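Following: one structure in C-alpha cells, then a few remarks.
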Amino acid sequence: MTVVDRIWHRCRLATLSPSRQGLGIVDDGLIAARDGRIVYAGPAADAPAFDAKERIDCGERWITPGLIDCHTHLVYGGNRAHEFEQRLAGASYEEIARAGGGIVSTVKTTREASVDDLVATAKPRLDALIAEGVTTIEIKSGYGLELVTERRQLQAARRLGEENTVSVRTTFLGAHTTPPDMKGQSAAYIDRVCNEMLPAIAADGLADAVDAFCETIAFSPEETARVFTKARELGLPVRLHADQLSNLHGAALAAKFGALSADHLEYADEAGVAAMKAAGTVAVVLPGAYYFIREHQVPPIAHMRSNGVPIALATDCNPGTSPLTSILLTMNMGATLFRLTVDECIAAVTREAARALGQFDEVGSLEAGKRCDLAIWDIGRPAELVYRMGFNPLHARVYRGQ
C-alpha cells in the first residue's frame with residue numbers, strides 16, 4: 001500500500017491532461033499527493049490503495065490545476081491613472097508614449113523605489129491573483145532601463161516568490177523602451193542591454209527568460225534580434241512582445257529564435273502564426289490591454305486554431321495598459337472579446353500558460369509527478385469560471401500539496 005500525505009476525494013476533476021479530450025474531465029475523481037507532488041490524479045475507481053495521513057472530502061466540488069498568470073509586469077513604482085484620464089480625453093497610447101509618458105513615466109517612479117518598496121507595492125496585486133487560485137506567476141522587469149533598477153525589480157520579484165505561497169518565474173525585459181536619457185539612441189541602448197545588463201543579470205541568476213518589445217514605439221526587429229542572440233549565448237530562453245500595434249513580423253521573429261511565447265499578436269499574420277507552430281512557440285493573448293487601450297484589431301485566433309498553435313491568456317498586469325489583477329476576469333474577456341471557448345479559456349490559464357513559461361513538465365495539469373498545485377471551486381460546471389464577472393468561486397487553493 002502506497003503511503004501519501006493527503007488525498008482529495010469526492011471531487012470532479014478538470015485534469016487538462018493532453019492524454020484526455022477537452023478539459024480531461026473525471027466525474028468521480030481522486031487526487032493523492034506526497035512531498036508536494038501528485039502521486040495519482042484520476043478516477044477514484046482506478047486508484048490504487050493509499051494509506052493517507054489526511055483525507056479531504058471535497059463535497060463533489062471541481063478541481064483544476066492551480067491557475068497560471070504567464071505575462072505580468074507586477075513589480076513597478078507609482079501608477080498611471082493620469083494617462084488613463086488623457087486617453088479618455090482622446091489621446092492615443094502612441095501619442096502619450098511619444099510625448100514622454102507611457103513606459104518612461106513609470107521608469108522614474110520605479111528608479112526611486114527600493115526593493116522593499118517594490119515588494120510592498122506589488123504584494124496587494126499578487127494577493128489578488130493568489131485569491132483567485134493563481135499558484136504560478138511570471139513577473140517581468142523593464143521599468144528600470146538601467147542595470148541597478150532592473151536588478152532591483154528582479155530581486156523584488158524573487159522575494160515575492162520566497163515570501164508567498166506562489167511560484168514566481170522572472171523575465172528580464174531591459175529592452176522595453178529606450179530610457180529618457182538616451183532618447184533617439186536605441187541602437188546604443190541595445191548595445192548596453194547586450195554588453196552590460198544581460199550578462200550581469202544572467203551572472204546573478206535573476207532571470208528565467210529574456211523578453212523584448214518589438215514595435216514602432218520601441219525596438220526594431222533587427223535590434224530585438226541582437227538581444228535574443230545574446231540571450232541564447234547566455235543560455236536563457238526568450239519571449240517577445242510581438243505585433244501588438246503594427247505588424248513588424250514579430251511572430252515570425254519569435255519563432256526564428258525558438259521563443260517560448262509571442263505575446264499580444266493583434267497584428268500578426270498567418271505566415272507568422274504558422275512559423276510559431278513550426279517552432280513550438282505559444283501564443284499569449286492579452287485581452288486586458290486590448291480592452292483598456294481600446295484596440296480594434298483582434299488577434300488572429302482563427303489562424304492560431306487552424307495552425308494548431310497553443311493559446312494562453314494572461315492579465316498583462318501593468319500600470320499603463322492593463323492594470324488588471326483578476327485572472328478570472330481575464331478568462332471572461334478572452335471569451336467575450338476574442339471569442340475563445342470555455343475549454344480554450346481554462347486551458348489558456350493552466351496547460352498552455354505552463355507551456356508559455358517552459359514549465360509544463362512541472363505544472364499546468366493534474367498528472368502524476370507534477371507539483372500538487374490545485375484550485376478547488378464551488379461551481380456546478382467549468383463554464384462558471386469563465387461566465388461570471390467580478391465573482392470569485394474559489395473554495396480552496398493548494399500549493400505544493402499544502
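To be explicit about the labels: the chains of the C-alpha cells are called A, B, and onward in the order shown, and within each one the residues are counted from 1, while ligands get numbers from 1 in the order they are shown.
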Long-range neighbours of region 197-213 of chain A as a PyMOL selection string, 7 Å cut-off, only C-alpha atoms, 6 positions minimum in chain: chain A and resi 147+151+154-155+169-173+175-176+219+224+231+234+236-242
Could you give me, as a Markdown table, every region 194-304 of chain A residue with an atom at most 12 Å from region 61-75 of chain A, plus its closest atom pair and distance in Å to one decimal, counting only C-alpha atoms, rows ordered by chain then number?
```
| residue | atom | partner | partner_atom | distance |
| --- | --- | --- | --- | --- |
| A:Ala209 | CA | A:His71 | CA | 11.8 |
| A:Asp211 | CA | A:His71 | CA | 10.6 |
| A:Arg239 | CA | A:His71 | CA | 10.0 |
| A:Leu240 | CA | A:His71 | CA | 10.6 |
| A:His241 | CA | A:His71 | CA | 10.0 |
| A:Leu260 | CA | A:Cys70 | CA | 11.0 |
| A:Ser261 | CA | A:Cys70 | CA | 9.8 |
| A:Ala262 | CA | A:His71 | CA | 10.5 |
| A:Asp263 | CA | A:His71 | CA | 8.2 |
| A:His264 | CA | A:His71 | CA | 10.1 |
| A:Val282 | CA | A:Cys70 | CA | 11.0 |
| A:Ala283 | CA | A:Cys70 | CA | 11.1 |
| A:Val284 | CA | A:His71 | CA | 8.0 |
| A:Val285 | CA | A:His71 | CA | 9.4 |
| A:Leu286 | CA | A:His71 | CA | 8.4 |
| A:Pro287 | CA | A:His71 | CA | 11.7 |
| A:Gly288 | CA | A:Thr72 | CA | 11.1 |
| A:Ala289 | CA | A:Thr72 | CA | 11.3 |
```
CA of Ile301 (chain A) to CA of Ser141 (chain A), straight-line distance in Å: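 Between CA of Ser141 (chain A) and CA of Ile301 (chain A) the gap is 28.1 Å.
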Atomic distance CA of Ala354 (chain A) - CA of Ile56 (chain A), expressed in Å with one decimal: 26.7 Å
Need to verify the contact set: Ile96 (chain A), 9 Å, only C-alpha atoms, exclusion of same-chain residues closer than 6 positions in sequence. Can you return it as a tab-separated table (two decimals) with N, CA and C atoms, in the first residue's frame?
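Result file follows (result_12.tsv):
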```tsv
chain	number	residue	atom	x	y	z
A	83	GLU	N	-2.63	59.12	-17.09
A	83	GLU	CA	-2.64	58.79	-18.51
A	83	GLU	C	-3.98	58.18	-18.92
A	86	GLN	N	-5.98	60.99	-19.73
A	86	GLN	CA	-5.61	61.56	-21.03
A	86	GLN	C	-6.22	60.75	-22.18
A	87	ARG	N	-6.22	59.44	-22.04
A	87	ARG	CA	-6.81	58.62	-23.09
A	87	ARG	C	-8.32	58.83	-23.17
A	102	GLY	N	3.81	57.07	-20.93
A	102	GLY	CA	3.90	55.63	-21.14
A	102	GLY	C	4.91	54.98	-20.22
```
Contacts of Asp269 (chain A) at 10 Å (only C-alpha atoms; same-chain gap of 3+ positions) as a PDB file with C-alpha atoms, in the first residue's frame:
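Writing the result to selection_2.pdb gives the following:
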```pdb
ATOM      1  CA  ASP A 243       2.787  42.654 -33.281  1.00  0.00           C
ATOM      2  CA  ASN A 247       2.836  44.047 -37.979  1.00  0.00           C
ATOM      3  CA  LEU A 248       6.624  44.094 -37.753  1.00  0.00           C
ATOM      4  CA  HIS A 249       6.572  40.311 -38.256  1.00  0.00           C
ATOM      5  CA  GLY A 250       7.366  39.795 -34.600  1.00  0.00           C
ATOM      6  CA  ALA A 251       5.617  36.423 -34.550  1.00  0.00           C
ATOM      7  CA  ALA A 252       7.996  35.093 -37.199  1.00  0.00           C
ATOM      8  CA  LEU A 265      -0.155  39.383 -31.542  1.00  0.00           C
ATOM      9  CA  GLU A 266      -3.081  41.600 -32.598  1.00  0.00           C
ATOM     10  CA  GLY A 272       3.898  34.389 -38.589  1.00  0.00           C
ATOM     11  CA  VAL A 273       1.395  32.152 -36.834  1.00  0.00           C
ATOM     12  CA  ALA A 274       2.435  29.190 -38.993  1.00  0.00           C
ATOM     13  CA  PRO A 299      -5.584  38.713 -32.512  1.00  0.00           C
ATOM     14  CA  PRO A 300      -5.871  36.180 -35.355  1.00  0.00           C
ATOM     15  CA  HIS A 303      -5.220  31.320 -37.712  1.00  0.00           C
TER      16      HIS A 303
END
```
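Each of A:Tyr267, A:Glu223, A:Ser246, A:Gly36 was compared to Gln185 (chain A) using only C-alpha atoms, and A:Glu223 turns out to be the nearest.
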Which of region 266-401 of chain A fall in helix (DSSP H, G or I), as a PyMOL selection string: chain A and resi 270-279+287-292+301-307+327-338+342-348+351-356+384-387
Could the residues in this selection be saved with N, CA and C atoms as a compact mmCIF listing (two decimals), in the first residue's frame?
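This went into part-v6.txt:
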```txt
# COMPACT_ATOMS: atom_id res chain seq x y z
N GLU A 270 -0.82 35.35 -40.92
CA GLU A 270 -0.92 33.88 -40.90
C GLU A 270 0.46 33.23 -41.06
N ALA A 271 1.34 33.84 -41.84
CA ALA A 271 2.69 33.28 -42.00
C ALA A 271 3.42 33.26 -40.67
N GLY A 272 3.26 34.34 -39.90
CA GLY A 272 3.90 34.39 -38.59
C GLY A 272 3.35 33.34 -37.65
N VAL A 273 2.03 33.16 -37.69
CA VAL A 273 1.39 32.15 -36.83
C VAL A 273 1.86 30.75 -37.23
N ALA A 274 1.95 30.50 -38.53
CA ALA A 274 2.43 29.19 -38.99
C ALA A 274 3.87 28.95 -38.55
N ALA A 275 4.69 30.00 -38.57
CA ALA A 275 6.07 29.87 -38.10
C ALA A 275 6.11 29.53 -36.61
N MET A 276 5.20 30.14 -35.84
CA MET A 276 5.12 29.83 -34.42
C MET A 276 4.81 28.37 -34.20
N LYS A 277 3.89 27.82 -34.98
CA LYS A 277 3.54 26.40 -34.85
C LYS A 277 4.77 25.53 -35.11
N ALA A 278 5.51 25.84 -36.16
CA ALA A 278 6.68 25.04 -36.51
C ALA A 278 7.75 25.11 -35.42
N ALA A 279 7.81 26.25 -34.74
CA ALA A 279 8.84 26.43 -33.70
C ALA A 279 8.38 25.99 -32.32
N PRO A 287 -6.23 40.14 -23.37
CA PRO A 287 -7.43 40.94 -23.58
C PRO A 287 -7.54 42.16 -22.68
N GLY A 288 -6.85 42.15 -21.53
CA GLY A 288 -6.88 43.31 -20.65
C GLY A 288 -6.32 44.55 -21.33
N ALA A 289 -5.19 44.40 -22.01
CA ALA A 289 -4.59 45.53 -22.72
C ALA A 289 -5.46 45.93 -23.92
N TYR A 290 -5.96 44.95 -24.63
CA TYR A 290 -6.85 45.23 -25.77
C TYR A 290 -8.05 46.07 -25.33
N TYR A 291 -8.63 45.69 -24.21
CA TYR A 291 -9.78 46.41 -23.66
C TYR A 291 -9.40 47.80 -23.15
N PHE A 292 -8.32 47.87 -22.40
CA PHE A 292 -8.01 49.09 -21.67
C PHE A 292 -7.57 50.22 -22.59
N ILE A 301 -7.15 34.71 -33.93
CA ILE A 301 -7.47 33.46 -33.24
C ILE A 301 -7.74 32.33 -34.23
N ALA A 302 -8.44 32.64 -35.32
CA ALA A 302 -8.76 31.61 -36.31
C ALA A 302 -7.48 31.01 -36.90
N HIS A 303 -6.49 31.84 -37.19
CA HIS A 303 -5.22 31.32 -37.71
C HIS A 303 -4.52 30.47 -36.66
N MET A 304 -4.60 30.89 -35.40
CA MET A 304 -3.98 30.10 -34.33
C MET A 304 -4.62 28.72 -34.24
N ARG A 305 -5.96 28.70 -34.31
CA ARG A 305 -6.66 27.41 -34.25
C ARG A 305 -6.31 26.53 -35.44
N SER A 306 -6.39 27.10 -36.64
CA SER A 306 -6.18 26.29 -37.85
C SER A 306 -4.75 25.76 -37.94
N ASN A 307 -3.81 26.50 -37.35
CA ASN A 307 -2.42 26.06 -37.37
C ASN A 307 -2.05 25.22 -36.14
N ILE A 327 -7.39 37.05 -12.84
CA ILE A 327 -7.23 36.03 -13.88
C ILE A 327 -8.60 35.50 -14.31
N LEU A 328 -9.59 35.54 -13.40
CA LEU A 328 -10.93 35.09 -13.76
C LEU A 328 -11.57 36.06 -14.75
N LEU A 329 -11.45 37.36 -14.52
CA LEU A 329 -11.98 38.34 -15.46
C LEU A 329 -11.23 38.24 -16.79
N THR A 330 -9.95 37.93 -16.75
CA THR A 330 -9.19 37.75 -17.97
C THR A 330 -9.79 36.64 -18.83
N MET A 331 -10.21 35.55 -18.19
CA MET A 331 -10.85 34.47 -18.96
C MET A 331 -12.15 34.95 -19.59
N ASN A 332 -12.95 35.71 -18.83
CA ASN A 332 -14.20 36.23 -19.39
C ASN A 332 -13.91 37.14 -20.57
N MET A 333 -12.90 37.99 -20.44
CA MET A 333 -12.53 38.87 -21.55
C MET A 333 -12.06 38.07 -22.76
N GLY A 334 -11.31 37.00 -22.52
CA GLY A 334 -10.85 36.16 -23.62
C GLY A 334 -12.02 35.58 -24.40
N ALA A 335 -13.07 35.22 -23.66
CA ALA A 335 -14.26 34.66 -24.31
C ALA A 335 -15.07 35.74 -25.02
N THR A 336 -15.34 36.85 -24.33
CA THR A 336 -16.24 37.86 -24.89
C THR A 336 -15.57 38.72 -25.96
N LEU A 337 -14.30 39.06 -25.79
CA LEU A 337 -13.63 39.93 -26.74
C LEU A 337 -12.95 39.17 -27.87
N PHE A 338 -12.38 37.99 -27.57
CA PHE A 338 -11.64 37.23 -28.57
C PHE A 338 -12.37 35.98 -29.03
N VAL A 342 -15.00 28.12 -23.76
CA VAL A 342 -14.77 27.84 -22.34
C VAL A 342 -13.55 26.94 -22.17
N ASP A 343 -13.49 25.86 -22.95
CA ASP A 343 -12.35 24.95 -22.82
C ASP A 343 -11.04 25.66 -23.14
N GLU A 344 -11.04 26.50 -24.18
CA GLU A 344 -9.82 27.23 -24.54
C GLU A 344 -9.39 28.18 -23.43
N CYS A 345 -10.35 28.86 -22.80
CA CYS A 345 -10.02 29.81 -21.75
C CYS A 345 -9.40 29.13 -20.54
N ILE A 346 -9.99 28.00 -20.13
CA ILE A 346 -9.46 27.30 -18.96
C ILE A 346 -8.10 26.69 -19.26
N ALA A 347 -7.95 26.11 -20.44
CA ALA A 347 -6.63 25.59 -20.83
C ALA A 347 -5.61 26.72 -20.93
N ALA A 348 -6.08 27.92 -21.30
CA ALA A 348 -5.18 29.05 -21.52
C ALA A 348 -4.55 29.56 -20.25
N ARG A 351 -2.78 24.70 -18.68
CA ARG A 351 -1.87 23.92 -19.53
C ARG A 351 -1.05 24.80 -20.48
N GLU A 352 -1.71 25.67 -21.23
CA GLU A 352 -0.99 26.44 -22.24
C GLU A 352 -0.14 27.55 -21.60
N ALA A 353 -0.61 28.10 -20.49
CA ALA A 353 0.21 29.09 -19.77
C ALA A 353 1.48 28.44 -19.24
N ALA A 354 1.38 27.19 -18.79
CA ALA A 354 2.58 26.48 -18.34
C ALA A 354 3.55 26.29 -19.49
N ARG A 355 3.03 25.98 -20.66
CA ARG A 355 3.90 25.82 -21.84
C ARG A 355 4.57 27.14 -22.19
N ALA A 356 3.84 28.24 -22.06
CA ALA A 356 4.41 29.55 -22.38
C ALA A 356 5.57 29.91 -21.47
N GLU A 384 -18.69 28.15 -15.45
CA GLU A 384 -18.89 29.22 -14.47
C GLU A 384 -17.60 30.01 -14.21
N LEU A 385 -16.46 29.38 -14.41
CA LEU A 385 -15.19 30.08 -14.21
C LEU A 385 -15.00 31.18 -15.25
N VAL A 386 -15.60 31.02 -16.40
CA VAL A 386 -15.45 31.96 -17.50
C VAL A 386 -16.64 32.92 -17.58
N TYR A 387 -17.80 32.43 -17.20
CA TYR A 387 -19.07 33.14 -17.36
C TYR A 387 -19.23 34.35 -16.44
```
Strand (DSSP E) call set, DSSP backbone run, region 28-74 of chain A, as a PyMOL selection string: chain A and resi 28-34+37-43+50-65+67-69
Near-Ala44 (chain A) list (8 Å; only C-alpha atoms; drop same-chain fewer than 5 positions) as a list in words: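 Counting only the stated atoms, we get His9, Asp28, Gly29 and Leu30 of chain A.
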Atom-to-atom span, CA of Val26 (chain A) and CA of Val39 (chain A), Å: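 CA of Val39 (chain A) lies at a distance of 16.3 Å from CA of Val26 (chain A).
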Residue contacts of Ser167 (chain A) (12 Å, only C-alpha atoms) excluding same-chain residues fewer than 2 positions away, as a PyMOL selection string: chain A and resi 66-70+126+130+134-139+157-165+169-170+354+357+359+362-363+371+373+399-400
Selection: 8 Å around region 117-119 of chain A, only C-alpha atoms, excl. self and same-chain fewer than 2 positions, as a list in words: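 Neighbouring residues, sequence-local ones excluded: Val75, Tyr76, Gly77, Thr110, Ala113, Ser114, Val115, Thr121, Ala122, Lys123, Gln153, Ala156, Ala157, Arg159 and Leu160 of chain A.
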Could you save the residues just selected, with N, CA and C atoms, as a PDB file, in the first residue's frame?
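What follows is the written file part_38.pdb:
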```pdb
ATOM      1  N   VAL A  75       5.733  44.175 -10.802  1.00  0.00           N
ATOM      2  CA  VAL A  75       6.616  44.960  -9.935  1.00  0.00           C
ATOM      3  C   VAL A  75       6.950  46.290 -10.600  1.00  0.00           C
ATOM      4  N   TYR A  76       6.484  47.369  -9.994  1.00  0.00           N
ATOM      5  CA  TYR A  76       6.764  48.707 -10.530  1.00  0.00           C
ATOM      6  C   TYR A  76       6.448  49.747  -9.471  1.00  0.00           C
ATOM      7  N   GLY A  77       6.883  50.984  -9.709  1.00  0.00           N
ATOM      8  CA  GLY A  77       6.578  52.083  -8.798  1.00  0.00           C
ATOM      9  C   GLY A  77       5.478  52.965  -9.360  1.00  0.00           C
ATOM     10  N   THR A 110       9.859  54.009 -10.570  1.00  0.00           N
ATOM     11  CA  THR A 110      10.482  52.721 -10.254  1.00  0.00           C
ATOM     12  C   THR A 110      11.944  52.907  -9.865  1.00  0.00           C
ATOM     13  N   ALA A 113      12.337  53.733  -6.242  1.00  0.00           N
ATOM     14  CA  ALA A 113      11.851  52.760  -5.261  1.00  0.00           C
ATOM     15  C   ALA A 113      12.931  51.758  -4.873  1.00  0.00           C
ATOM     16  N   SER A 114      12.983  51.414  -3.595  1.00  0.00           N
ATOM     17  CA  SER A 114      13.880  50.362  -3.117  1.00  0.00           C
ATOM     18  C   SER A 114      13.254  48.996  -3.372  1.00  0.00           C
ATOM     19  N   VAL A 115      14.029  47.953  -3.149  1.00  0.00           N
ATOM     20  CA  VAL A 115      13.478  46.597  -3.263  1.00  0.00           C
ATOM     21  C   VAL A 115      12.315  46.426  -2.293  1.00  0.00           C
ATOM     22  N   THR A 121       4.574  47.342  -2.645  1.00  0.00           N
ATOM     23  CA  THR A 121       3.511  47.807  -3.543  1.00  0.00           C
ATOM     24  C   THR A 121       2.992  46.703  -4.453  1.00  0.00           C
ATOM     25  N   ALA A 122       3.836  45.721  -4.743  1.00  0.00           N
ATOM     26  CA  ALA A 122       3.396  44.603  -5.589  1.00  0.00           C
ATOM     27  C   ALA A 122       2.570  43.584  -4.817  1.00  0.00           C
ATOM     28  N   LYS A 123       2.783  43.499  -3.503  1.00  0.00           N
ATOM     29  CA  LYS A 123       2.130  42.459  -2.693  1.00  0.00           C
ATOM     30  C   LYS A 123       0.602  42.482  -2.813  1.00  0.00           C
ATOM     31  N   GLN A 153      14.210  45.275  -9.567  1.00  0.00           N
ATOM     32  CA  GLN A 153      12.903  44.723  -9.933  1.00  0.00           C
ATOM     33  C   GLN A 153      12.907  43.199  -9.872  1.00  0.00           C
ATOM     34  N   ALA A 156      13.087  41.977  -6.320  1.00  0.00           N
ATOM     35  CA  ALA A 156      11.772  42.091  -5.685  1.00  0.00           C
ATOM     36  C   ALA A 156      10.865  40.958  -6.127  1.00  0.00           C
ATOM     37  N   ALA A 157      10.909  40.619  -7.394  1.00  0.00           N
ATOM     38  CA  ALA A 157      10.089  39.514  -7.901  1.00  0.00           C
ATOM     39  C   ALA A 157      10.483  38.199  -7.236  1.00  0.00           C
ATOM     40  N   ARG A 159      11.829  37.848  -4.318  1.00  0.00           N
ATOM     41  CA  ARG A 159      11.390  37.898  -2.918  1.00  0.00           C
ATOM     42  C   ARG A 159       9.902  37.609  -2.788  1.00  0.00           C
ATOM     43  N   LEU A 160       9.117  38.091  -3.719  1.00  0.00           N
ATOM     44  CA  LEU A 160       7.681  37.798  -3.680  1.00  0.00           C
ATOM     45  C   LEU A 160       7.437  36.291  -3.724  1.00  0.00           C
TER      46      LEU A 160
END
```
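Minimum distance to Gly320 (chain A) across A:Leu340, A:Ala187, A:Met1, A:Val107 (counting only C-alpha atoms) occurs at A:Val107.
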